[in-house]
Structure formats: structure tokens, C-alpha cells
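This report concerns only the one structure given below.
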Amino acid sequence: MDINQPSQAATAPVGGAVALHARQLRAILITVSIALMAVIASVTGLNVAQTHMAVEFGASQNTVLWIINVYTLALAALLLPLGAIGDRLGRRPMLITGLVVFGAAGVVAGLAPSAGVMIVARVAAGLSAAIIMPITLAVITSTFPEEERGKAIGVWTGVAGGGGIVGMFLSALLVDVADWRWLFVLPVVLAVVALAMTLKSVPNSRERYAHSFDTVGALVSTIAVTSLIFVLQEGPERGWTAPITLVILAVGVVAAIAFVTWELHRRDASLLDVRLFRERGLAGGSVTLLVVFGVQAGINVVLFPFFQSVLGWSGLLSTVAMMPMAVMMMTASGVAPRMAARIGARSTMGAGVALATLGLALMALFVSVDGGYLSILAGMLAMGIGMGLSMTPSTEAITGSLPRAQQGVASALNDVTREFGTALGIAMLGALLANGYRGAIDGKLDGIPDEAADTAREGIANAVDVAPGTGDHTQDLIHAAQQSFVEGWQRSMWVGAAVMAALLVYVALRGPNNTATRRIDAEPAGCGTGVPDRTATR
């Protein structure tokens with residue numbers, strides 16, 4: 001592995017890398033956290049501007065959803081290939097390239113005159129985000145000494161987990177005080193700051209391989225991830241049994257099987273050595289992240305309509321209401337490494353999953369229209385703490401299961417798992433909420449005009465919108481919709497709690513060993529030169 005770094009760095013080797021001063025490590029951590037925050041803020045930010053985009057571009061709801069979702073689709077599809085390329089070409093130049101493209105795409109999106117230009121800009125932003133996101137974590141795992149690595153990963157996971165809520169709050173604030181196009185200022189500014197700090201502080205590291213890049217594996221993985229994420233995003237809108245949904249699902253499944261088969265054939269020359277999933281660390285960390293991020297994303301889908309349509313809050317106030325959970329999540333992510341060092345990774349993950357399960361159960365038990373925000377606050381806080389405690393050791397388990405030469409791939413796998421979980425959670429818990437709402441409201445529409453009743457069945461926002469036109473039935477319809485939403489909420493929360501309880505059993509039985517040996521400093525056969533080349537130049 002080659003490591004090039006600023007000239008003031010110390011040169012004592014630590015765990016196969018060059019030792020850096022604490023001040024330099026802190027600067028690197030701040031840099032990659034800012035870069036990560038830019039990516040995460042762009043995932044959630046546009047959700048608060050859907051109406052504005054539809055009006056200004058004259059776009060349909062489907063087009064608006066494409067503007068939002070195509071970013072995540074491009075990001076998820078290209079994570080693995082670009083993470084592997086970063087390992088080969090150098091993590092610092094790849095990070096610089098990603099930040100430059102990301103910033104330029106943000107400027108184009110902010111000035112976009114049409115929905116078409118906006119979609120192209122969002123694709124470019126997603127592509128560059130797929131460069132940035134795995135590199136930020138790979139820089140940490142390849143630069144920080146082992147005794148500091150867990151704390152740094154805790155900060156990274158805190159930003160990745162809570163950053164979406166923080167980004168949505170700042171986006172909602174910009175929409176309220178300025179114009180929706182100002183949403184792109186935040187990620188562009190963050191990218192510029194991260195770029196300047198990368199040029200100054202981030203050392204370079206890259207790997208030398210005895211084998212060629214796995215081009216076939218990269219292409220097949222891109223097809224598999226694109227197809228499966230597309231189905232999860234578009235299935236609720238197009239219908240799960242629609243021909244296009246079933247065809248693309250089949251393509252995704254076949255591509256996924258082909259990817260596994262090809263990677264087993266390539267063995268040590270593979271893009272991702274799938275044999276490593278036999279290990280408890282990689283399998284346990286991946287499953288935990290998949291479920292935890294799925295439940296978190298599903299909770300967000302449920303919480304915002306509750307705040308806006310049941311409690312009648314604005315978008316900005318709704319994002320403020322989410323902040324306690326984000327703060328707890330980010331705080332717990334920082335505490336998790338110290339806790340794992342004392343009681344073990346599996347015990348820490350188990351405690352986190354148990355707390356998250358408790359939080360879901362508390363929200364299901366106590367949520368009510370009359371109880372309002374306080375009826376769910378305790379559950380939100382428990383959820384935040386639980387997710388923070390479980391995310392950091394899960395991420396460490398994934399990155400620690402792959403050797404240093406493949407940290408870009410390890411980081412990308414971590415990110416792909418999160419994106420799959422997010423898409424799956426939104427699709428599943430969103431569908432459960434919608435079905436629960438429709439089932440509950442059917443028995444509460446007696447006396448409501450047929451046309452208004454049909455509209456109310458579509459969702460609580462539709463019911464609140466049509467209620468003023470029902471005359472004396474206005475309050476009855478609003479109350480029926482709110483109560484039905486709460487009943488649907490309870491159903492989705494209980495299902496989420498059941499899923500998390502199953503995860504708790506899995507972690508207890510198959511989670512990472514509490515005293516697992518980290519493999520991050522090992523060089524696998526066919527990877528690297530075996531002799532690090534350390535220089536003191538940029």
C-alpha cells in the first residue's frame with residue numbers, strides 16, 4: 001500500500017500505516033464528516049420541496065419523485081465499483097474528484113430551468129456521492145491507528161445516521177426563510193469546505209494488486225443493485241404486481257445470483273469476496289445495518305405525516321420534532337466504541353437493538369391523537385439511543401472483516417447495505433401504514449359524501465384537504481382520518497418491533513464475537529505488495 005501525506009506527519013508505522021499526530025487525525029475526521037454530511041443532506045433535503053418543484057417545473061408527482069429518487073439510485077448502484085476503484089487509484093484523488101463533481105452538480109441543480117436538467121444534475125450528484133461516501137469511511141479505516149479507529153467510526157456513523165434529519169431541518173429552514181432552490185447551497189458549501197480541507201489535511205493511500213480489476217463483477221453488481229432499488233422505490237407507486245415491476249425484479253434477482261456465482265469463481269481476484277459472509281462479523285454487521293436502517297427509514301415515513309397531518313405542524317416544526325432522536329443517535333454512536341471495548345461488540349449491538357425494539361413498542365402502545373408529541377417522545381429517544389449503539393459496532397464489524405487493501409470495498413458494502421435497508425424499510429412500513437389506515441377508516445366514513453369518502457381513503461393528507469368541503473362533517477372526517485392514521489401507525493410499529501426482536505435473537509446467536517480479532521491490517525493473497533511504501537510528500 002502506498003501512503004502519501006502532508007510533510008508535517010510523523011513517519012512511525014502504526015498498524016501498517018503511517019502514524020499521524022492527534023491534530024492531523026482530528027482534521028481528517030472533520031474533513032470526511034463534512035464531506036459525508038454533504039452527501040447525506042442531499043438524500044433527504046429535497047423531500048421538503050416536492051410541492052415547489054411540481055409547481056415551478058409543471059411536473060407530475062411521478063417526475064418529482066424521480067428527481068428525488070434518482071440520486072439515491074445512482075448512489076447505491078455505483079458504490080461497490082467506485083469504492084474498489086478508489087482503493088486502486090488512490091483515496092485522496094478520488095475524494096477530490098468526487099467533491100468537485102458533486103459541487104458542480106449541485107450548482108447546476110440549483111439553477112436548473114427544467115425537470116430534465118434537474119434529473120441529469122441529480123444523476124451526476126449521485127454518481128459523485130458514490131465516490132465520496134465509501135472513501136470517507138475508507139480514509140478513516142486506512143489512516144487511523146486501531147486504538148483510535150473505533151471512536152472515529154463512531155463519529156462517522158453518527159453523522160451518517162443523524163445527518164439526514166439535521167439536513168432535512170436545515171433544508172426546511174431554507175425553504176421557509178428563502179427559496180427552495182437555496183436547498184442546494186448547503187451541500188455545495190459543505191462540498192467546497194470539504195474540498196479545501198481535503199487538499200490540506202487528508203493523506204493519500206492506495207493499493208497495488210497482482211490481478212486486474214473485476215469489470216464483470218462491477219457491471220453485474222451495478223445491474224443487480226439498480227434493479228432491486230428501483231423495484232423498492234417504484235413498487236408502491238406502479239404496483240407490486242405490475243409487469244414492469246416483476247420484470248425488473250427478475251432482472252435484479254438473476255443479476256444478484258450471477259454476481260455471487262462470478263465472485264465465487266474469481267475468488268481472491270473478485271470485486272467482493274462473498275466467501276467472507278460466512279464470518280460472523282461481516283454477516284452480523286450487514287444484517288444489523290440492513291434492518292436498523294430499514295426501520296429508521298420506515299419510522300421517518302410514519303413520523304412526518306403524524307406531525308403534519310395529525311398534529312397540524314409545519315414542515316420546519318416537524319423536522320425540529322425529529323431532532324431529539326437524531327441527537328440521541330449521534331451521541332450514542334460516539335459512546336458505542338467505548339461500550340464495545342468494555343462489554344464486546346455483540347453485547348453492545350444487542351443492547352442497541354433491544355433499546356430500539358423497546359422504543360418501537362413504546363410508540364405503538366402510547367401514541368394517540370390527544371397525547372400528541374409527548375405520547376411518542378419516550379419511544380423516539382429510546383429508538384435514537386438504540387440505533388446509535390447498534391450502528392457503530394455493525395460498521396466496525398463490516399470494515400474489520402475485510403483487509404486493509406479492500407477498505408474502499410468494505411466501506412461501499414457498508415453503504416450499499418444501508419441504502420438497501422432504507423429502501424426496503426420505506427417500502428414495507430409505508431405499505432403497512434397505508435393499508436392499516438385504509439382498513440381503519442372504512443368503518444368511520446358513515447354519513448360522509450361518497451366522493452369525499454373515496455378521497456379520504458387515499459391517505460390522511462387527502463382527507464384533511466377534502467374535509468372543509470363536507471360541511472357539517474368536517475370535524476368528523478378529520479377526526480376519523482387522524483384516528484385511522486394512529487391505528488395504522490400502531491400496526492406498522494408492532495411489525496417493526498417484531499422485526500427488531502427477531503434481529504435481537506439473530507445478534508445474540510450469530511452476531512460478531514465479543515473478542516473478535518480484527519483483520520483490517522491483514523493483506524490477502526493477491527492484494528497489495530506486502531511492503532508499504534511510505535513517503536512524506538503530497
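As shown in the C-alpha cells, the chain order sets the letters A, B, ...; within each chain, residues go from 1, and ligands are also counted from 1 in the order they appear.
Look at Thr31 of chain A: the protein and nucleic acid residues within 10 Å of it, using only C-alpha atoms and passing over chain neighbours fewer than 2 places away, are Leu25, Arg26, Ala27, Ile28, Leu29, Ser33, Ile34, Ala35, Leu36, Met37, Thr136, Leu190, Ala191, Val193, Ala194, Leu195, Ala196, Met197, Thr198, Leu199, Lys200, Ser201 and Val202 of chain A.
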Distance query Leu232 of chain A at most 7 Å, only C-alpha atoms, self and fewer than 4 positions along chain excluded, as a short mmCIF file (atom, residue, chain, number, x, y, z; two decimals) with C-alpha atoms, in the first residue's frame:
data_model
loop_
_atom_site.label_atom_id
_atom_site.label_comp_id
_atom_site.auth_asym_id
_atom_site.auth_seq_id
_atom_site.Cartn_x
_atom_site.Cartn_y
_atom_site.Cartn_z
CA LEU A 228 -33.59 -4.09 -6.85
CA ALA A 423 -35.43 1.50 0.50
CA LEU A 424 -36.82 -1.72 1.99
CA ALA A 427 -41.50 0.34 1.07
#
Fill in: Contacts of segment 82-94 of chain A at 6 Å (only C-alpha atoms; same-chain gap of 5+ positions) as a list in words
Ile131, Pro134, Asn204, Ser205, Arg206, Glu207, Gly408, Val409 and Ala412 of chain A
Practice prompt. Determine, counting only C-alpha atoms, which protein, DNA and RNA residues have an atom within 7 Å of an atom of Pro187 of chain A; residues of the same chain fewer than 2 positions away are not included. Present the result as a list in words.
Written response: Ala38, Ala41, Ser42, Phe184, Val185, Val189, Leu190 and Ala191 of chain A
Selection file, N, CA, C and O atoms, as an mmCIF file, in the first residue's frame:
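selection39.cif, written as the output of this step:
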data_model
loop_
_atom_site.group_PDB
_atom_site.id
_atom_site.type_symbol
_atom_site.label_atom_id
_atom_site.label_comp_id
_atom_site.auth_asym_id
_atom_site.auth_seq_id
_atom_site.Cartn_x
_atom_site.Cartn_y
_atom_site.Cartn_z
ATOM 1 N N ALA A 38 -22.499 16.401 3.407
ATOM 2 C CA ALA A 38 -22.970 16.930 2.125
ATOM 3 C C ALA A 38 -23.762 15.875 1.366
ATOM 4 O O ALA A 38 -24.828 16.154 0.802
ATOM 5 N N ALA A 41 -27.131 15.067 3.367
ATOM 6 C CA ALA A 41 -28.100 16.165 3.271
ATOM 7 C C ALA A 41 -28.803 16.160 1.928
ATOM 8 O O ALA A 41 -29.982 16.529 1.825
ATOM 9 N N SER A 42 -28.113 15.734 0.876
ATOM 10 C CA SER A 42 -28.719 15.698 -0.451
ATOM 11 C C SER A 42 -29.685 14.545 -0.620
ATOM 12 O O SER A 42 -30.519 14.557 -1.524
ATOM 13 N N PHE A 184 -29.844 23.718 -2.365
ATOM 14 C CA PHE A 184 -28.593 23.216 -2.924
ATOM 15 C C PHE A 184 -27.378 23.984 -2.420
ATOM 16 O O PHE A 184 -26.243 23.542 -2.620
ATOM 17 N N VAL A 185 -27.611 25.117 -1.772
ATOM 18 C CA VAL A 185 -26.487 25.891 -1.239
ATOM 19 C C VAL A 185 -25.774 25.119 -0.143
ATOM 20 O O VAL A 185 -24.537 25.077 -0.084
ATOM 21 N N VAL A 189 -21.851 24.230 -0.349
ATOM 22 C CA VAL A 189 -20.925 24.851 0.609
ATOM 23 C C VAL A 189 -20.151 23.786 1.379
ATOM 24 O O VAL A 189 -18.927 23.889 1.567
ATOM 25 N N LEU A 190 -20.854 22.750 1.829
ATOM 26 C CA LEU A 190 -20.186 21.667 2.543
ATOM 27 C C LEU A 190 -19.135 20.994 1.658
ATOM 28 O O LEU A 190 -18.033 20.660 2.120
ATOM 29 N N ALA A 191 -19.458 20.799 0.382
ATOM 30 C CA ALA A 191 -18.507 20.173 -0.549
ATOM 31 C C ALA A 191 -17.277 21.046 -0.753
ATOM 32 O O ALA A 191 -16.143 20.543 -0.801
#
Worksheet item: Quick one: of A:Ala152, A:Leu111, A:Val220, A:Leu289, who's nearest to Phe420 of chain A, counting only C-alpha atoms?
Response: A:Leu289
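Closest approach to Ala463 of chain A among A:Met329, A:Val310, A:Leu374, A:Ile229 is made by A:Val310 (distances from only C-alpha atoms).
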Item to complete: Please provide as an MDAnalysis selection string all residues within 8 Å of Ala410 of chain A, with the sequence filter that same-chain residues fewer than 6 positions apart are discarded (counting only C-alpha atoms).
Response: chainID A and resid 138 398:399 402
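If you measure from each of A:Ala256, A:Val231, A:Val159, A:Val301 to Ile244 of chain A using only C-alpha atoms, the closest one turns out to be A:Val231.
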Discussion item. I want to know what sits within 8 Å of segment 70-76 of chain A, based on only C-alpha atoms, with residues of the same chain fewer than 3 positions away left out; could you give that as an NGL selection string?
Written reply: :A and (43 or 66-67 or 79 or 119 or 122-123 or 125-130 or 225-226 or 229-230 or 415-416 or 419-420)
Discussion item. List the spatial neighbours of Trp180 of chain A as a ChimeraX atom specification - criterion: any atom at most 10 Å away, only C-alpha atoms, same-chain residues fewer than 3 positions off excluded.
Written reply: /A:45-46,48-53,110,171-177,183-184
Could you save the residues just selected, with N, CA and C atoms, as a tab-separated table (two decimals), in the first residue's frame?
chain	number	residue	atom	x	y	z
A	45	GLY	N	-32.83	16.27	1.65
A	45	GLY	CA	-33.18	17.69	1.56
A	45	GLY	C	-34.36	18.00	0.66
A	46	LEU	N	-34.41	17.39	-0.52
A	46	LEU	CA	-35.44	17.75	-1.49
A	46	LEU	C	-36.84	17.28	-1.09
A	48	VAL	N	-38.56	18.17	1.29
A	48	VAL	CA	-39.36	19.29	1.79
A	48	VAL	C	-39.75	20.25	0.67
A	49	ALA	N	-39.31	19.99	-0.56
A	49	ALA	CA	-39.58	20.92	-1.67
A	49	ALA	C	-40.38	20.28	-2.80
A	50	GLN	N	-41.07	19.19	-2.53
A	50	GLN	CA	-41.79	18.48	-3.59
A	50	GLN	C	-42.84	19.37	-4.25
A	51	THR	N	-43.62	20.06	-3.45
A	51	THR	CA	-44.68	20.92	-4.00
A	51	THR	C	-44.09	22.06	-4.83
A	52	HIS	N	-43.02	22.65	-4.34
A	52	HIS	CA	-42.40	23.77	-5.04
A	52	HIS	C	-41.87	23.33	-6.41
A	53	MET	N	-41.24	22.16	-6.48
A	53	MET	CA	-40.73	21.67	-7.76
A	53	MET	C	-41.86	21.36	-8.72
A	110	GLY	N	-29.28	23.67	-8.71
A	110	GLY	CA	-29.87	24.87	-8.14
A	110	GLY	C	-30.33	25.87	-9.18
A	171	SER	N	-32.75	22.16	5.51
A	171	SER	CA	-33.43	22.34	4.23
A	171	SER	C	-34.79	22.99	4.43
A	172	ALA	N	-35.53	22.51	5.42
A	172	ALA	CA	-36.85	23.09	5.70
A	172	ALA	C	-36.72	24.55	6.13
A	173	LEU	N	-35.66	24.85	6.88
A	173	LEU	CA	-35.43	26.23	7.31
A	173	LEU	C	-35.17	27.12	6.10
A	174	LEU	N	-34.35	26.64	5.15
A	174	LEU	CA	-34.05	27.42	3.95
A	174	LEU	C	-35.31	27.64	3.11
A	175	VAL	N	-36.16	26.62	3.01
A	175	VAL	CA	-37.40	26.77	2.24
A	175	VAL	C	-38.31	27.80	2.89
A	176	ASP	N	-38.34	27.82	4.22
A	176	ASP	CA	-39.22	28.75	4.95
A	176	ASP	C	-38.73	30.19	4.85
A	177	VAL	N	-37.41	30.40	4.94
A	177	VAL	CA	-36.91	31.77	5.02
A	177	VAL	C	-36.43	32.31	3.68
A	183	LEU	N	-31.90	25.17	-1.26
A	183	LEU	CA	-31.59	23.87	-0.69
A	183	LEU	C	-30.24	23.35	-1.15
A	184	PHE	N	-29.84	23.72	-2.37
A	184	PHE	CA	-28.59	23.22	-2.92
A	184	PHE	C	-27.38	23.98	-2.42
Discussion item. Let me make sure I understand: among A:Phe259, A:Ser227, A:Thr474, A:Val100, which one has the smallest atom-to-atom distance to Leu246 of chain A if we use only C-alpha atoms?
Written reply: A:Ser227
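The interatomic distance for the pair atom CA of Leu503 of chain A and atom CA of Thr44 of chain A works out to 26.3 Å.
Considering only C-alpha atoms, the residue among A:Gly459, A:Phe366, A:Val302, A:Pro113 positioned nearest to Ser318 of chain A is A:Val302.
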Item to complete: Would you mind telling me which residue in A:Ala22, A:Ala440, A:Ile96, A:Ala501 lies nearest to Glu487 of chain A when using only C-alpha atoms?
Response: A:Ala440
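Note that the spacing between atom CA of Trp494 of chain A and atom CA of Gly350 of chain A amounts to 19.0 Å.
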Discussion item. DSSP on the backbone: which residues in segment 10-85 of chain A end up as helix (DSSP H, G or I)? Give the answer as a PyMOL selection string.
Written reply: chain A and resi 22-57+61-85
